[in-house]
Every structure is written in C-alpha cells, then in structure tokens.
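See structure below.
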Amino acid sequence: MKKLVSTSLGIVLALSISTGAFAQDAPQVSEEIPAAALNSLIYYDTEPNNNITEANPYSVGNQITGSLGELINNDYYDVRDVYKFTAHKTEKVRFQLSAPKYGNSYVRMNLEGIDNDAHEKTTETRNYFDVDLVAGKEYELMLFPVNYSTSLPAFKYNVYSYVIE
Ligand SMILES: [Ca+2]
C-alpha cells in the first residue's frame with residue numbers, strides 16, 4: 001500500500017514537470033496559421049521597400065515575414081513595407097495578418113489594385129480581408145503601423161494568403 005502511494009506521487013510529479021516544460025516552449029501569442037499556408041514559401045521584408053517603385057516581390061499562396069518600426073541603417077525608422085504581385089488566376093483570396101499590438105498601436109495591411117479599384121484593408125479588430133483577384137492584374141500590398149511611436153518595440157509580422165473560392 002505504501003509503495004502504491006509513492007508510485008502515484010511519482011506520476012503526478014512527472015506530469016507536472018512535463019506540463020511545465022510544455023508551457024515554457026509554447027509561443028506567448030497564439031497564432032493560427034491557415035493549413036493551406038503550411039507548405040508555402042516565405043518572402044522576406046527587404047529594405048528599402050517603402051513605396052511601389054521599390055516594392056518587394058510576393059506571390060499569392062505564400063507567406064511574408066517582416067518587421068516594422070526598426071531603425072534602418074541608423075537613418076530612418078521603417079514605417080512602411082510594400083509588396084507587389086500579379087494575380088495568375090481570377091479567384092477569391094483571403095489575406096491574413098499576424099502582428100503584435102502595443103496599447104492602441106497596431107499594424108494595418110492595405111491591398112490595392114494598381115488602378116485603385118480593389119482597395120481592401122485590415123482594421124484594429126479584423127486581421128484579414130477577402131478579395132476577388134483578377135488574372136493578369138497587378139496588386140500592391142502595403143503594411144504600416146497605426147499610432148506609431150519610435151519608443152515602441154518592433155512589430156514583427158507575418159502575412160498569409162490562400163484561395164477560398
Ligand atoms: Ca520598409
């Protein structure tokens with residue numbers, strides 16, 4: 001009987017230790033990655049990419065990993081990242097943003113057709129939008145911090161896109 005008690009205690013200890021380790025490894029902010037994005041390529045934010053003429057390339061169905069608010073080359077604080085792509089198919093695509101918030105400061109993502117007829121944006125409370133892309137058309141994806149201050153930490157962000165219709 002005594003042995004049985006100590007064995008149970010051992011199991012409880014082992015369980016609490018493994019739970020503790022798991023909690024430590026878990027990301028601090030839960031981030032739901034769309035299943036369709038798991039096998040995608042990653043496009044990296046490469047400075048300078050602060051307007052449409054120096055936009056970084058992107059391709060629908062893939063991921064963007066970037067950062068806003070960092071001091072670049074001791075020269076300027078990065079407050080705009082621009083990406084461009086050409087739609088290869090006419091289809092409905094969801095663009096989803098994952099980024100931190102600091103108080104009332106957050107990242108907004110805009111999508112515009114080059115001729116300005118397909119404007120969509122995320123908001124403080126909605127981190128995605130759906131858009132009907134038109135084959136052959138060029139689009140511009142722009143990210144920038146709202147209520148930005150240079151005293152804030154960098155906004156490390158990820159963007160995903162995937163076909164929904
Ligand atoms: Ca930039």
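For the structure tokens, the naming scheme is as follows: chains receive sequential letters (A, B, ...) according to their order of presentation, residues are indexed from 1 within each chain, and ligands are indexed from 1 in presentation order.
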(request) Write as a VMD selection string the residues around ligand 1, taking 8 Å as the cut-off and counting only C-alpha atoms and all ligand atoms. (result) chain A and resid 45 to 50 67 to 68 78 to 82
Selection: 10 Å around Gln63 of chain A, only C-alpha atoms, excl. self and same-chain fewer than 3 positions, as a short mmCIF file (atom, residue, chain, number, x, y, z; two decimals) with N, CA and C atoms, in the first residue's frame:
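Listing of around_20.cif after writing:
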data_model
loop_
_atom_site.label_atom_id
_atom_site.label_comp_id
_atom_site.auth_asym_id
_atom_site.auth_seq_id
_atom_site.Cartn_x
_atom_site.Cartn_y
_atom_site.Cartn_z
N ALA A 37 -1.40 27.38 -45.71
CA ALA A 37 -0.17 28.17 -45.77
C ALA A 37 1.04 27.40 -45.25
N LEU A 38 0.79 26.20 -44.72
CA LEU A 38 1.88 25.49 -44.04
C LEU A 38 3.02 25.09 -44.97
N ASN A 39 2.72 24.82 -46.22
CA ASN A 39 3.77 24.39 -47.14
C ASN A 39 4.20 25.51 -48.08
N SER A 40 3.94 26.74 -47.70
CA SER A 40 4.20 27.84 -48.62
C SER A 40 5.64 28.32 -48.53
N LEU A 41 6.03 29.12 -49.50
CA LEU A 41 7.33 29.79 -49.48
C LEU A 41 7.26 30.99 -48.55
N ILE A 42 8.42 31.45 -48.11
CA ILE A 42 8.45 32.67 -47.30
C ILE A 42 9.15 33.77 -48.09
N TYR A 43 8.45 34.90 -48.23
CA TYR A 43 9.03 36.10 -48.83
C TYR A 43 9.44 37.02 -47.69
N TYR A 44 10.69 37.49 -47.71
CA TYR A 44 11.19 38.32 -46.62
C TYR A 44 11.13 39.80 -46.96
N TYR A 58 6.13 39.36 -54.23
CA TYR A 58 5.30 38.44 -53.45
C TYR A 58 4.52 37.57 -54.43
N SER A 59 4.01 36.45 -53.95
CA SER A 59 3.19 35.57 -54.78
C SER A 59 2.09 34.96 -53.92
N VAL A 60 0.85 35.02 -54.40
CA VAL A 60 -0.32 34.55 -53.65
C VAL A 60 -0.15 33.09 -53.25
N GLY A 66 8.12 39.84 -41.89
CA GLY A 66 8.74 41.16 -41.91
C GLY A 66 8.70 41.85 -40.56
N PHE A 95 -6.42 37.32 -47.37
CA PHE A 95 -5.13 37.81 -46.87
C PHE A 95 -5.26 37.96 -45.37
N GLN A 96 -4.34 37.36 -44.64
CA GLN A 96 -4.41 37.34 -43.18
C GLN A 96 -3.11 37.84 -42.58
N LEU A 97 -3.25 38.73 -41.60
CA LEU A 97 -2.09 39.36 -40.96
C LEU A 97 -1.96 38.88 -39.52
N ASN A 158 3.66 38.55 -39.78
CA ASN A 158 3.57 37.56 -40.85
C ASN A 158 2.29 37.80 -41.62
N VAL A 159 2.35 37.58 -42.92
CA VAL A 159 1.17 37.68 -43.77
C VAL A 159 1.00 36.33 -44.47
N TYR A 160 -0.25 35.87 -44.53
CA TYR A 160 -0.57 34.63 -45.24
C TYR A 160 -1.65 34.95 -46.27
N SER A 161 -1.68 34.23 -47.36
CA SER A 161 -2.81 34.35 -48.27
C SER A 161 -3.15 32.97 -48.80
N TYR A 162 -4.44 32.75 -48.99
CA TYR A 162 -4.85 31.44 -49.51
C TYR A 162 -6.19 31.56 -50.22
#
(request) Would you please extract all strand (DSSP E) residues from segment 86-136 of chain A, as assigned by DSSP on the backbone, and give them as a ChimeraX atom specification? (result) /A:86,91-98,106-113,120-121,128-133
Now that the selection is made, can you save its residues with N, CA and C atoms as a PDB file, in the first residue's frame?
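Once everything was written out, this is part06.pdb:
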ATOM      1  N   THR A  86       1.465  39.938 -59.240  1.00  0.00           N
ATOM      2  CA  THR A  86       0.491  39.837 -60.323  1.00  0.00           C
ATOM      3  C   THR A  86      -0.376  38.612 -60.064  1.00  0.00           C
ATOM      4  N   GLU A  91      -9.693  34.612 -58.818  1.00  0.00           N
ATOM      5  CA  GLU A  91     -10.137  33.792 -57.695  1.00  0.00           C
ATOM      6  C   GLU A  91     -10.265  34.652 -56.444  1.00  0.00           C
ATOM      7  N   LYS A  92     -11.051  34.126 -55.481  1.00  0.00           N
ATOM      8  CA  LYS A  92     -11.204  34.845 -54.209  1.00  0.00           C
ATOM      9  C   LYS A  92     -10.119  34.383 -53.245  1.00  0.00           C
ATOM     10  N   VAL A  93      -9.388  35.337 -52.715  1.00  0.00           N
ATOM     11  CA  VAL A  93      -8.243  35.033 -51.851  1.00  0.00           C
ATOM     12  C   VAL A  93      -8.387  35.766 -50.524  1.00  0.00           C
ATOM     13  N   ARG A  94      -8.069  35.056 -49.448  1.00  0.00           N
ATOM     14  CA  ARG A  94      -8.030  35.690 -48.125  1.00  0.00           C
ATOM     15  C   ARG A  94      -6.597  36.077 -47.787  1.00  0.00           C
ATOM     16  N   PHE A  95      -6.423  37.322 -47.369  1.00  0.00           N
ATOM     17  CA  PHE A  95      -5.132  37.806 -46.872  1.00  0.00           C
ATOM     18  C   PHE A  95      -5.259  37.964 -45.368  1.00  0.00           C
ATOM     19  N   GLN A  96      -4.336  37.358 -44.635  1.00  0.00           N
ATOM     20  CA  GLN A  96      -4.412  37.341 -43.179  1.00  0.00           C
ATOM     21  C   GLN A  96      -3.113  37.843 -42.577  1.00  0.00           C
ATOM     22  N   LEU A  97      -3.251  38.728 -41.596  1.00  0.00           N
ATOM     23  CA  LEU A  97      -2.094  39.360 -40.960  1.00  0.00           C
ATOM     24  C   LEU A  97      -1.957  38.881 -39.524  1.00  0.00           C
ATOM     25  N   SER A  98      -0.742  38.587 -39.127  1.00  0.00           N
ATOM     26  CA  SER A  98      -0.449  38.273 -37.734  1.00  0.00           C
ATOM     27  C   SER A  98       0.617  39.261 -37.257  1.00  0.00           C
ATOM     28  N   TYR A 106      -1.006  49.410 -33.673  1.00  0.00           N
ATOM     29  CA  TYR A 106      -1.145  48.118 -34.341  1.00  0.00           C
ATOM     30  C   TYR A 106      -0.738  48.268 -35.803  1.00  0.00           C
ATOM     31  N   VAL A 107      -0.625  47.141 -36.494  1.00  0.00           N
ATOM     32  CA  VAL A 107      -0.234  47.156 -37.902  1.00  0.00           C
ATOM     33  C   VAL A 107      -1.484  47.063 -38.781  1.00  0.00           C
ATOM     34  N   ARG A 108      -1.532  47.882 -39.814  1.00  0.00           N
ATOM     35  CA  ARG A 108      -2.609  47.785 -40.798  1.00  0.00           C
ATOM     36  C   ARG A 108      -2.029  47.298 -42.111  1.00  0.00           C
ATOM     37  N   MET A 109      -2.814  46.479 -42.816  1.00  0.00           N
ATOM     38  CA  MET A 109      -2.420  45.976 -44.132  1.00  0.00           C
ATOM     39  C   MET A 109      -3.459  46.421 -45.156  1.00  0.00           C
ATOM     40  N   ASN A 110      -2.998  47.057 -46.214  1.00  0.00           N
ATOM     41  CA  ASN A 110      -3.869  47.504 -47.306  1.00  0.00           C
ATOM     42  C   ASN A 110      -3.544  46.724 -48.572  1.00  0.00           C
ATOM     43  N   LEU A 111      -4.551  46.414 -49.346  1.00  0.00           N
ATOM     44  CA  LEU A 111      -4.336  45.854 -50.677  1.00  0.00           C
ATOM     45  C   LEU A 111      -4.992  46.776 -51.687  1.00  0.00           C
ATOM     46  N   GLU A 112      -4.249  47.126 -52.720  1.00  0.00           N
ATOM     47  CA  GLU A 112      -4.805  47.978 -53.759  1.00  0.00           C
ATOM     48  C   GLU A 112      -4.492  47.401 -55.117  1.00  0.00           C
ATOM     49  N   GLY A 113      -5.464  47.449 -56.014  1.00  0.00           N
ATOM     50  CA  GLY A 113      -5.165  47.199 -57.409  1.00  0.00           C
ATOM     51  C   GLY A 113      -4.367  48.387 -57.893  1.00  0.00           C
ATOM     52  N   GLU A 120      -8.730  47.074 -50.202  1.00  0.00           N
ATOM     53  CA  GLU A 120      -9.192  46.351 -49.009  1.00  0.00           C
ATOM     54  C   GLU A 120      -8.210  46.635 -47.899  1.00  0.00           C
ATOM     55  N   LYS A 121      -8.679  46.542 -46.642  1.00  0.00           N
ATOM     56  CA  LYS A 121      -7.738  46.754 -45.537  1.00  0.00           C
ATOM     57  C   LYS A 121      -8.142  45.984 -44.282  1.00  0.00           C
ATOM     58  N   TYR A 128      -7.925  40.242 -41.239  1.00  0.00           N
ATOM     59  CA  TYR A 128      -7.935  39.647 -42.577  1.00  0.00           C
ATOM     60  C   TYR A 128      -8.920  40.394 -43.465  1.00  0.00           C
ATOM     61  N   PHE A 129      -8.805  40.160 -44.773  1.00  0.00           N
ATOM     62  CA  PHE A 129      -9.842  40.585 -45.711  1.00  0.00           C
ATOM     63  C   PHE A 129      -9.845  39.603 -46.876  1.00  0.00           C
ATOM     64  N   ASP A 130     -10.976  39.566 -47.578  1.00  0.00           N
ATOM     65  CA  ASP A 130     -11.120  38.694 -48.747  1.00  0.00           C
ATOM     66  C   ASP A 130     -11.229  39.576 -49.978  1.00  0.00           C
ATOM     67  N   VAL A 131     -10.604  39.150 -51.068  1.00  0.00           N
ATOM     68  CA  VAL A 131     -10.629  39.984 -52.263  1.00  0.00           C
ATOM     69  C   VAL A 131     -10.738  39.097 -53.506  1.00  0.00           C
ATOM     70  N   ASP A 132     -11.507  39.569 -54.501  1.00  0.00           N
ATOM     71  CA  ASP A 132     -11.617  38.869 -55.782  1.00  0.00           C
ATOM     72  C   ASP A 132     -10.494  39.344 -56.688  1.00  0.00           C
ATOM     73  N   LEU A 133      -9.437  38.546 -56.783  1.00  0.00           N
ATOM     74  CA  LEU A 133      -8.318  38.920 -57.645  1.00  0.00           C
ATOM     75  C   LEU A 133      -8.672  38.644 -59.102  1.00  0.00           C
TER      76      LEU A 133
END
(request) Once DSSP has gone over the backbone, tell me which residues of segment 18-153 of chain A are in helix (DSSP H, G or I), as a list of chain:residue names. (result) A:Ser18, A:Thr19, A:Gly20, A:Ala21, A:Phe22, A:Ala23, A:Gln24, A:Asp25, A:Ala35, A:Ala36, A:Ala37, A:Ile52, A:Thr53, A:Glu54
(message) Counting only C-alpha atoms, which residue out of A:Ile72, A:Ile52, A:Val146, A:Val163 sits closest to Lys101 of chain A?
(response)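 Closest to Lys101 of chain A, using only C-alpha atoms: A:Val146.
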(request) Can you work out the spacing between atom CA of Lys137 of chain A and atom CA of Thr65 of chain A in Å, to one decimal? (result)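 Straight-line distance from atom CA of Lys137 of chain A to atom CA of Thr65 of chain A works out to 23.6 Å.
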(request) Figure out the distance between atom CA of Glu70 of chain A and atom CA of Ala154 of chain A, please, to one decimal in Å. (result)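 It comes out at 5.6 Å.
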(message) Using Å and a single decimal, report how far atom CA of Leu71 of chain A sits from atom CA of Gly103 of chain A.
(response)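 Spanning atom CA of Gly103 of chain A to atom CA of Leu71 of chain A is a straight-line distance of 20.5 Å.
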(message) So that I can see what lies close to segment 147-153 of chain A, please list as a PyMOL selection string the residues with an atom at most 7 Å from it, counting only C-alpha atoms and leaving out residues fewer than 3 positions away in the same chain.
(response) chain A and resi 69+104-105
Could you save the residues just selected, with C-alpha atoms, as a JSON list (two decimals), in the first residue's frame?
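As a result, result_34.json now contains:
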[["chain", "number", "residue", "atom", "x", "y", "z"],
["A", 69, "GLY", "CA", 9.34, 50.23, -36.61],
["A", 104, "ASN", "CA", -3.52, 51.45, -29.22],
["A", 105, "SER", "CA", -0.74, 50.89, -31.77]]
